[in-house]
Amino acid sequence: MLGFNALVSIALLYGAFLFSVAFAAERRAAQGRDGWLRSPWIYTLSLSIYCTAWTFYGAVGYAARSGLEYLTIYLGPSLVMIGWWWLLRKLVRIGRAQRITSIADLVSSRFGKSSLLGVIVTLLAVVGVTPYIALQLQSIAQSLDVFAARGEGGWTARDGGSAALWSAVGLALFTILFGTRNLDSNERHHGIVMAIAVEAVVKLGALVGLGIYVVWGLGGGVSDMLARLDASPIAAWEQSGGRWIGFTLLSAGAFLCLPRMFQVLVVENADESHLATASWAFPLYLALMSLFVVPIAVTGLDILPAGTNPDMFVLTVPLSQGRDGLAVWAFLGGFSSAASMVMVATIALATMMSNHIIVPMWLRSRRGGAMMAGDVRAMVLTARRASILGVLGLGYLYFRLSGGGTALASIGLVAFVGVVQVLPALVGGLFWRGATRGGAATGLLLGFAVWFWAMFLPSVGDGTAIPAGVMQAGPFGIDFLRPQALFWTGGLDPVLHAALWSLALNVAGFVAVSLASFPGPVERLQGAQFVGVFELSEGPGSWARGAADAEPLLVMAQRIIGAPEAQAIFASHAALQGKEGRLPDVTPEFIRALERELAGSVGAATAHAMIGQMTEGVSVSVEDLIAVADETAQIMEYSNRLEQKSAELGRTAAALREANAKLTALSVQKDGFLSQISHELRTPMTSIRAFAEILRDDGLDEAEQERFAGIIGDEAGRLTRLLDDLLDLSVLEAGQGLLDLRPTSLGGVVDRALDAALPLRDGLGLHRDPELDRLEVVTDPDRLAQVFINLIANARKYCDAPRPELRIVWNPAVHAVDFIDNGSGIRPDQGRVIFEKFSRLSDAGKAGGAGLGLAICREIMTRLGGGIRYLPGQGGGVFRVELPPSPTSETR
Amino acid sequence: MAEGPRSGTRPPVFLARASYRRRRLHDTARLAPVAAAFLWALPLLWPHGETRVSAVLVYLFVTWGLSVLASAALARALRRAERDTDTDG
């Protein structure tokens with residue numbers, strides 16, 4: 001009979017075989033001959049790590065206890081694979097585009113490369129998966145115990161425990177050797193993948209071989225077996241619909257969220273098209289794995305004595321029939337299941353721990369930053385190796401502490417519900433751009449807490465972690481917090497109860513906080529990239545700003561991914577930029593690409609932080625965001641341009657309207673001017689004609705003749721003056737006529753004007769500013785005198801004070817001569833029109849002029865380079881004659 | 001606006017026959033897990049007590065096998081469609 005030494009030798013030989021397979025695969029990959037390693041079949045087989053020892057041994061036990069319910073654990077993943085187009089394809093695309101290294105990295109990366117989320121998911125995974133690893137060690141120990149229980153070969157049941165320890169050590173060695181050989185930028189481990197592919201074949205072969213033996217060797221064919229099934233205790237099992245659907249969904253979720261499944265599904269995926277093959281091949285694998293579970297369970301219940309552990313039927317059934325070869329094969333199958341699960345789960349957890357906890361802490365402890373951090377690469381590898389040992393140590397510890405008594409299946413379900421807490425953040429992050437970091441963290445923590453309270457602690461053992469009193473009455477007597485009856489829902493199945501409440505609160509927290517919070521810029525960028533991974537062929541535009549030299553970046557990259565790899569990346573980017581030499585320009589594109597490369601080794605959050613240190617502040621500016629939202633920016637630019645154009649058009653139209661109005665007004669003015677002129681000319685002409693006709697008549701005495709001739713003379717004079725004025729104005733307006741500019745004493749000009757307008761100085765009190773005599777201006781004295789005469793004459797004519805006075809004052813502040821009278825002045829509304837032609841205020845008769853005087857004054861002053869204004873509100877009429885500023889000088 | 005085959009920069013509203021078929025293929029791929037889930041939940045509705053466990057077992061594995069076949073055919077069709085798009089440009 002088979003002894004202990006023989007079994008251990010076989011196990012060791014098998015281990016050595018796996019070792020050589022892995023080694024050969026690594027060598028082929030290193031030589032570049034990895035075409036075969038990258039086939040979709042290897043990918044599909046590597047997915048088989050879903051079927052752990054829990055499946056291999058536990059499924060039979062599960063079937064023996066709960067009928068067909070074990071199928072839910074395989075139907076769920078089959079649904080996910082069949083629905084690959086919907087979710088897995090996106091997940092794999094994102095994983096490749098973003099260089100995702102683990103599920104914690106994915107969640108962290110999606111929510112703005114958040115370190116916090118990475119830590120939360122890592123801790124969740126460690127707490128959830130450690131019992132699962134313990135379960136694998138336990139299954140190895142139990143399977144050895146089965147052989148030991150036969151009492152042959154001189155070994156005892158105690159050896160099972162030490163076998164578990166030695167298995168753990170061996171697995172740790174294997175994992176460290178092949179899992180941390182290098183910091184592969186894609187985290188692909190060809191050796192390990194190859195080994196688990198071989199193990200996948202071994203375990204499938206073992207179950208199928210045993211199944212064939214049971215059905216056709218022991219059972220007598222398919223129909224016989226089905227008849228025995230209907231007669232067995234399994235047939236009496238009543239399936240609960242809630243558990244059936246709930247467990248199917250749970251296993252589907254866990255299939256996505258288990259760190260080791262994420263590792264093989266996404267991280268180790270070499271080609272997206274492999275998914276298409278796996279979409280049907282993996283459900284087929286699962287179907288084959290579970291096909292013979294029920295026959296084995298039925299046979300075991302049938303032929304083995306009552307009370308035999310159904311979890312070990314896979315071994316005890318062939319052993320009871322003396323089929324040692326089959327039993328050893330089954331043992332190797334179980335060992336394979338356990339080993340492959342432990343290896344991949346450990347790598348996945350170790351990657352998460354080192355990338356999200358150890359390396360960030362180490363970097364933080366070194367204040368100098370990534371540049372000063374020494375050999376990061378060696379440090380990360382060490383951290384990963386230590387993490388592998390740590391994870392396996394934790395698993396072994398849990399195995400020793402829990403005593404290995406619980407049914408295998410229940411531990412698996414505890415882990416499932418634990419890791420499935422990541423699902424809301426994962427799926428929400430993939431399909432909902434509104435999902436935020438705060439929401440994800442809240443959901444994860446809530447779900448984690450509920451799971452820990454309602455499922456994990458109770459699973460450790462009745463009354464050990466939670467006292468029986470608390471289980472019955474709730475903590476501090478709060479009965480709606482009883483671990484297995486939250487909110488008075490005690491009627492539910494405990495697993496469903498925990499899954500329901502943890503996920504419900506998880507989703508509620510996730511959605512509520514996401515809706516209420518506002519994501520940061522990096523978060524929004526990542527969200528857009530994740531949700532729209534198929535639409536965005538390229539990454540977003542530049543976001544890394546600030547200066548960094550290529551040299552230190554290369555130094556840092558070499559420390560993380562190794563010198564030849566880093567140099568190759570730099571050189572290829574330099575070539576891409578069309579540069580000679582090995583150092584590229586540090587463009588935002590290059591920094592982004594480099595960050596991706598580094599993220600493939602140390603995770604997104606850490607790579608982001610390191611690059612951030614190098615480039616001194618990776619801030620996302622508003623301009624960057626606009627550049628990222630390329631399309632939006634273009635549309636906005638276009639609409640901006642349209643807006644500008646339309647504003648321009650609007651302005652042009654307004655200008656045209658204005659010009660039109662001006663033309664219309666001018667035309668009206670011209671008409672008015674013509675009618676004014678004809679009127680002004682007609683009045684004197686009428687009287688001249690009338691008196692000329694009277695003179696022609698006889699019978700007029702001398703005196704009358706003389707008077708009428710005088711009137712004719714006066715009117716003719718008026719006509720002449722009017723025509724003179726008109727001529728003068730038209731000359732001035734046309735800008736014709738030469739100005740006789742010369743230095744002139746201002747006082748002299750005023751005196752000349754006074755002599756002309758007031759030869760006798762009568763009827764108007766005068767105050768003449770003596771300052772005027774000291775001033776000399778360069779001007780045309782005749783024209784200026786004409787203006788002054790006009791103003792003085794006006795004052796004399798219109799000043800309505802009882803004792804009219806005129807003050808002529810020099811105003812040095814504005815360089816003007818003010819003519820101030822003490823009359824009532826001009827009404828403000830008339831102030832504006834007095835300089836227009838033919839504008840005459842109040843009674844026209846009194847003026848005796850044509851109303852051209854002030855218009856002429858304005859023209860003169862304009863031509864002299866000054867101006868004339870009426871100042872309202874000065875307590876009298878004030879005309880200000882402004883003189884051109886410059887060529888004035890004081891004569892002392 | 002939606003009349004022409006191409007309106008501005010938006011993707012066309014009406015597709016050529018080939019791309020139309022490809023879209024419907026994608027729809028099928030998305031619906032496949034729903035159909036499978038329905039098939040696998042169906043035994044829950046069968047009357048308790050009268051249904052033999054063996055019948056349920058056989059039914060589940062037969063539908064499982066059919067799902068695998070359908071999924072394989074679908075994967076083939078999808079891959080071919082993708083290849084055609086690539087070569088067509």
# chains A, B, ... in the order shown; residues from 1 in each chain; ligands from 1
$ residues_around --residues "B:Ala37" --least-positions-apart "2" --cutoff "10 Å" --atoms "only C-alpha atoms" --output "ChimeraX atom specification"
/A:75-76,78-79,245,248-249 /B:32-35,39-42
$ write_last_selection --atoms "N, CA, C and O atoms" --output "PDB file, in the first residue's frame"
ATOM      1  N   LEU A  75     -22.149  28.587 -12.341  1.00  0.00           N
ATOM      2  CA  LEU A  75     -23.029  29.246 -13.312  1.00  0.00           C
ATOM      3  C   LEU A  75     -22.766  30.753 -13.337  1.00  0.00           C
ATOM      4  O   LEU A  75     -22.803  31.373 -14.410  1.00  0.00           O
ATOM      5  N   GLY A  76     -22.486  31.324 -12.171  1.00  0.00           N
ATOM      6  CA  GLY A  76     -22.235  32.764 -12.115  1.00  0.00           C
ATOM      7  C   GLY A  76     -21.085  33.182 -13.021  1.00  0.00           C
ATOM      8  O   GLY A  76     -21.256  34.024 -13.920  1.00  0.00           O
ATOM      9  N   SER A  78     -19.823  31.549 -15.441  1.00  0.00           N
ATOM     10  CA  SER A  78     -20.162  31.259 -16.832  1.00  0.00           C
ATOM     11  C   SER A  78     -20.957  32.418 -17.428  1.00  0.00           C
ATOM     12  O   SER A  78     -20.726  32.811 -18.577  1.00  0.00           O
ATOM     13  N   LEU A  79     -21.877  32.962 -16.621  1.00  0.00           N
ATOM     14  CA  LEU A  79     -22.649  34.117 -17.111  1.00  0.00           C
ATOM     15  C   LEU A  79     -21.726  35.290 -17.428  1.00  0.00           C
ATOM     16  O   LEU A  79     -21.877  35.953 -18.458  1.00  0.00           O
ATOM     17  N   ILE A 245     -30.504  32.091  -6.873  1.00  0.00           N
ATOM     18  CA  ILE A 245     -30.224  33.318  -7.632  1.00  0.00           C
ATOM     19  C   ILE A 245     -29.146  34.148  -6.942  1.00  0.00           C
ATOM     20  O   ILE A 245     -28.213  34.656  -7.565  1.00  0.00           O
ATOM     21  N   THR A 248     -25.727  32.642  -7.409  1.00  0.00           N
ATOM     22  CA  THR A 248     -25.269  32.785  -8.799  1.00  0.00           C
ATOM     23  C   THR A 248     -24.702  34.197  -9.012  1.00  0.00           C
ATOM     24  O   THR A 248     -23.598  34.370  -9.535  1.00  0.00           O
ATOM     25  N   LEU A 249     -25.475  35.189  -8.559  1.00  0.00           N
ATOM     26  CA  LEU A 249     -25.009  36.567  -8.726  1.00  0.00           C
ATOM     27  C   LEU A 249     -23.743  36.821  -7.912  1.00  0.00           C
ATOM     28  O   LEU A 249     -22.801  37.489  -8.364  1.00  0.00           O
TER      29      LEU A 249
ATOM     30  N   ALA B  32     -26.889  37.741 -24.559  1.00  0.00           N
ATOM     31  CA  ALA B  32     -26.613  36.325 -24.307  1.00  0.00           C
ATOM     32  C   ALA B  32     -26.627  35.961 -22.822  1.00  0.00           C
ATOM     33  O   ALA B  32     -27.284  34.973 -22.446  1.00  0.00           O
ATOM     34  N   PRO B  33     -25.931  36.714 -21.950  1.00  0.00           N
ATOM     35  CA  PRO B  33     -25.964  36.314 -20.545  1.00  0.00           C
ATOM     36  C   PRO B  33     -27.351  36.400 -19.929  1.00  0.00           C
ATOM     37  O   PRO B  33     -27.686  35.605 -19.040  1.00  0.00           O
ATOM     38  N   VAL B  34     -28.161  37.332 -20.416  1.00  0.00           N
ATOM     39  CA  VAL B  34     -29.527  37.442 -19.888  1.00  0.00           C
ATOM     40  C   VAL B  34     -30.309  36.174 -20.218  1.00  0.00           C
ATOM     41  O   VAL B  34     -30.994  35.596 -19.359  1.00  0.00           O
ATOM     42  N   ALA B  35     -30.170  35.739 -21.472  1.00  0.00           N
ATOM     43  CA  ALA B  35     -30.874  34.520 -21.881  1.00  0.00           C
ATOM     44  C   ALA B  35     -30.397  33.323 -21.066  1.00  0.00           C
ATOM     45  O   ALA B  35     -31.206  32.523 -20.573  1.00  0.00           O
ATOM     46  N   LEU B  39     -32.504  30.848 -18.545  1.00  0.00           N
ATOM     47  CA  LEU B  39     -32.560  29.384 -18.692  1.00  0.00           C
ATOM     48  C   LEU B  39     -32.168  28.692 -17.396  1.00  0.00           C
ATOM     49  O   LEU B  39     -32.779  27.705 -16.994  1.00  0.00           O
ATOM     50  N   TRP B  40     -31.148  29.229 -16.729  1.00  0.00           N
ATOM     51  CA  TRP B  40     -30.629  28.556 -15.535  1.00  0.00           C
ATOM     52  C   TRP B  40     -31.459  28.830 -14.296  1.00  0.00           C
ATOM     53  O   TRP B  40     -31.293  28.165 -13.282  1.00  0.00           O
ATOM     54  N   ALA B  41     -32.322  29.829 -14.376  1.00  0.00           N
ATOM     55  CA  ALA B  41     -33.201  30.083 -13.229  1.00  0.00           C
ATOM     56  C   ALA B  41     -34.540  29.366 -13.409  1.00  0.00           C
ATOM     57  O   ALA B  41     -35.331  29.268 -12.475  1.00  0.00           O
ATOM     58  N   LEU B  42     -34.765  28.879 -14.608  1.00  0.00           N
ATOM     59  CA  LEU B  42     -36.063  28.285 -14.926  1.00  0.00           C
ATOM     60  C   LEU B  42     -36.446  27.109 -14.023  1.00  0.00           C
ATOM     61  O   LEU B  42     -37.599  27.028 -13.586  1.00  0.00           O
TER      62      LEU B  42
END
$ interface_residues --of "chain B" --to "chain A" --cutoff "9 Å" --atoms "only C-alpha atoms" --output "PyMOL selection string"
chain B and resi 26+29-34+36-37+40-41+44-45+48-49+52-58+61+64-65+67-76+78-79
$ residues_around --residues "A:Leu91" --least-positions-apart "5" --cutoff "12 Å" --atoms "only C-alpha atoms" --output "PyMOL selection string"
chain A and resi 80+84-86+96-100+102-103+106-107+110+256-257+262-263+265-267+269+272+275+426-427+429-431+530-534
$ select_by_dssp --residues "stretch 269-447 of chain A" --states "helix (DSSP H, G or I)" --output "number ranges by chain"
A: 274-291, 293-303, 310-320, 324-365, 370-373, 376-402, 408-431, 437-447
$ write_last_selection --atoms "C-alpha atoms" --output "short mmCIF file (atom, residue, chain, number, x, y, z; two decimals), in the first residue's frame"
data_model
loop_
_atom_site.label_atom_id
_atom_site.label_comp_id
_atom_site.auth_asym_id
_atom_site.auth_seq_id
_atom_site.Cartn_x
_atom_site.Cartn_y
_atom_site.Cartn_z
CA HIS A 274 -8.24 35.79 -26.10
CA LEU A 275 -11.39 36.82 -24.28
CA ALA A 276 -13.46 35.75 -27.28
CA THR A 277 -12.10 32.22 -27.03
CA ALA A 278 -12.32 32.12 -23.27
CA SER A 279 -15.93 33.31 -23.48
CA TRP A 280 -17.04 29.84 -24.47
CA ALA A 281 -14.04 27.70 -23.54
CA PHE A 282 -14.05 28.66 -19.89
CA PRO A 283 -17.77 27.94 -19.36
CA LEU A 284 -17.03 24.61 -20.99
CA TYR A 285 -14.20 24.00 -18.55
CA LEU A 286 -16.46 24.87 -15.64
CA ALA A 287 -19.18 22.58 -16.95
CA LEU A 288 -16.72 19.71 -17.21
CA MET A 289 -15.36 20.41 -13.73
CA SER A 290 -18.82 20.26 -12.21
CA LEU A 291 -20.24 17.53 -14.40
CA VAL A 293 -19.50 16.25 -8.89
CA VAL A 294 -22.98 14.89 -8.29
CA PRO A 295 -22.15 11.31 -9.36
CA ILE A 296 -19.14 11.30 -7.04
CA ALA A 297 -21.25 12.67 -4.20
CA VAL A 298 -24.00 10.12 -4.82
CA THR A 299 -21.51 7.29 -4.93
CA GLY A 300 -19.76 8.50 -1.80
CA LEU A 301 -23.01 8.75 0.12
CA ASP A 302 -23.89 5.33 -1.18
CA ILE A 303 -20.82 3.24 -0.57
CA PRO A 310 -18.13 14.40 2.17
CA ASP A 311 -15.49 17.05 1.43
CA MET A 312 -13.00 14.23 0.97
CA PHE A 313 -15.14 11.91 -1.17
CA VAL A 314 -12.85 12.62 -4.08
CA LEU A 315 -10.11 10.75 -2.23
CA THR A 316 -12.05 8.35 -0.07
CA VAL A 317 -14.16 6.89 -2.86
CA PRO A 318 -11.22 5.62 -4.96
CA LEU A 319 -9.30 4.62 -1.83
CA SER A 320 -12.22 2.57 -0.58
CA ASP A 324 -4.66 4.00 -5.20
CA GLY A 325 -3.50 5.33 -8.57
CA LEU A 326 -6.76 7.17 -9.05
CA ALA A 327 -6.58 8.45 -5.51
CA VAL A 328 -3.06 9.78 -5.98
CA TRP A 329 -4.10 11.44 -9.21
CA ALA A 330 -7.01 12.99 -7.35
CA PHE A 331 -4.62 14.04 -4.62
CA LEU A 332 -2.41 15.73 -7.20
CA GLY A 333 -5.49 17.37 -8.70
CA GLY A 334 -6.45 18.74 -5.31
CA PHE A 335 -2.90 19.80 -4.65
CA SER A 336 -2.81 21.55 -8.03
CA SER A 337 -6.03 23.38 -7.29
CA ALA A 338 -4.72 24.55 -3.96
CA ALA A 339 -1.27 25.41 -5.25
CA SER A 340 -2.35 27.44 -8.26
CA MET A 341 -4.86 29.37 -6.22
CA VAL A 342 -2.33 30.11 -3.50
CA MET A 343 0.33 31.20 -5.98
CA VAL A 344 -1.81 33.61 -7.94
CA ALA A 345 -3.71 34.92 -4.95
CA THR A 346 -0.44 35.54 -3.17
CA ILE A 347 1.07 37.35 -6.13
CA ALA A 348 -2.03 39.46 -6.51
CA LEU A 349 -2.15 40.33 -2.83
CA ALA A 350 1.58 40.91 -2.63
CA THR A 351 1.44 43.26 -5.62
CA MET A 352 -1.38 45.18 -3.99
CA MET A 353 0.33 45.32 -0.62
CA SER A 354 3.67 46.44 -1.97
CA ASN A 355 2.23 48.94 -4.46
CA HIS A 356 -0.42 50.47 -2.27
CA ILE A 357 0.89 50.17 1.25
CA ILE A 358 4.58 49.39 1.58
CA VAL A 359 6.11 51.43 -1.27
CA PRO A 360 4.06 54.58 -0.61
CA MET A 361 4.92 54.40 3.08
CA TRP A 362 8.58 53.87 2.26
CA LEU A 363 8.56 56.76 -0.18
CA ARG A 364 6.92 58.95 2.38
CA SER A 365 9.48 58.05 5.00
CA ALA A 370 11.82 59.40 -5.66
CA MET A 371 15.12 60.82 -6.84
CA MET A 372 16.78 60.34 -3.49
CA ALA A 373 15.06 57.08 -2.83
CA VAL A 376 13.43 51.63 -5.89
CA ARG A 377 13.41 48.52 -8.02
CA ALA A 378 15.20 46.38 -5.48
CA MET A 379 13.08 47.87 -2.76
CA VAL A 380 9.82 47.07 -4.57
CA LEU A 381 10.96 43.52 -5.23
CA THR A 382 11.91 43.07 -1.61
CA ALA A 383 8.59 44.51 -0.53
CA ARG A 384 6.83 42.09 -2.82
CA ARG A 385 8.75 39.10 -1.55
CA ALA A 386 8.11 40.12 2.01
CA SER A 387 4.43 40.54 1.16
CA ILE A 388 4.27 37.04 -0.30
CA LEU A 389 5.75 35.61 2.86
CA GLY A 390 3.44 37.78 4.92
CA VAL A 391 0.29 36.73 3.07
CA LEU A 392 1.16 33.04 3.24
CA GLY A 393 2.13 33.43 6.87
CA LEU A 394 -1.24 35.04 7.60
CA GLY A 395 -3.00 32.22 5.78
CA TYR A 396 -1.10 29.62 7.75
CA LEU A 397 -1.81 31.47 10.97
CA TYR A 398 -5.52 31.57 10.20
CA PHE A 399 -5.42 27.86 9.38
CA ARG A 400 -3.75 27.04 12.71
CA LEU A 401 -6.04 29.32 14.72
CA SER A 402 -9.31 28.29 13.13
CA LEU A 408 -14.73 24.18 3.31
CA ALA A 409 -17.62 25.71 1.43
CA SER A 410 -18.55 28.19 4.10
CA ILE A 411 -15.09 29.78 4.17
CA GLY A 412 -15.25 30.19 0.40
CA LEU A 413 -18.56 31.98 0.66
CA VAL A 414 -17.22 34.28 3.37
CA ALA A 415 -14.42 35.30 1.03
CA PHE A 416 -16.83 35.74 -1.86
CA VAL A 417 -19.06 38.14 0.01
CA GLY A 418 -16.00 40.01 1.26
CA VAL A 419 -14.36 40.65 -2.09
CA VAL A 420 -17.66 41.32 -3.83
CA GLN A 421 -17.78 44.59 -1.86
CA VAL A 422 -15.48 46.01 -4.54
CA LEU A 423 -18.07 45.32 -7.24
CA PRO A 424 -20.15 48.51 -6.87
CA ALA A 425 -17.07 50.72 -7.11
CA LEU A 426 -15.74 48.64 -9.99
CA VAL A 427 -18.86 48.50 -12.13
CA GLY A 428 -19.94 52.00 -11.12
CA GLY A 429 -16.50 53.31 -12.02
CA LEU A 430 -16.60 51.58 -15.40
CA PHE A 431 -20.02 52.77 -16.50
CA ARG A 437 -13.75 58.84 -4.86
CA GLY A 438 -15.72 59.77 -1.76
CA GLY A 439 -18.60 57.61 -2.94
CA ALA A 440 -16.35 54.65 -3.64
CA ALA A 441 -14.61 54.96 -0.28
CA THR A 442 -17.90 55.29 1.60
CA GLY A 443 -19.44 52.31 -0.15
CA LEU A 444 -16.39 50.14 0.35
CA LEU A 445 -16.04 50.97 4.01
CA LEU A 446 -19.76 50.51 4.73
CA GLY A 447 -19.91 47.19 2.90
#
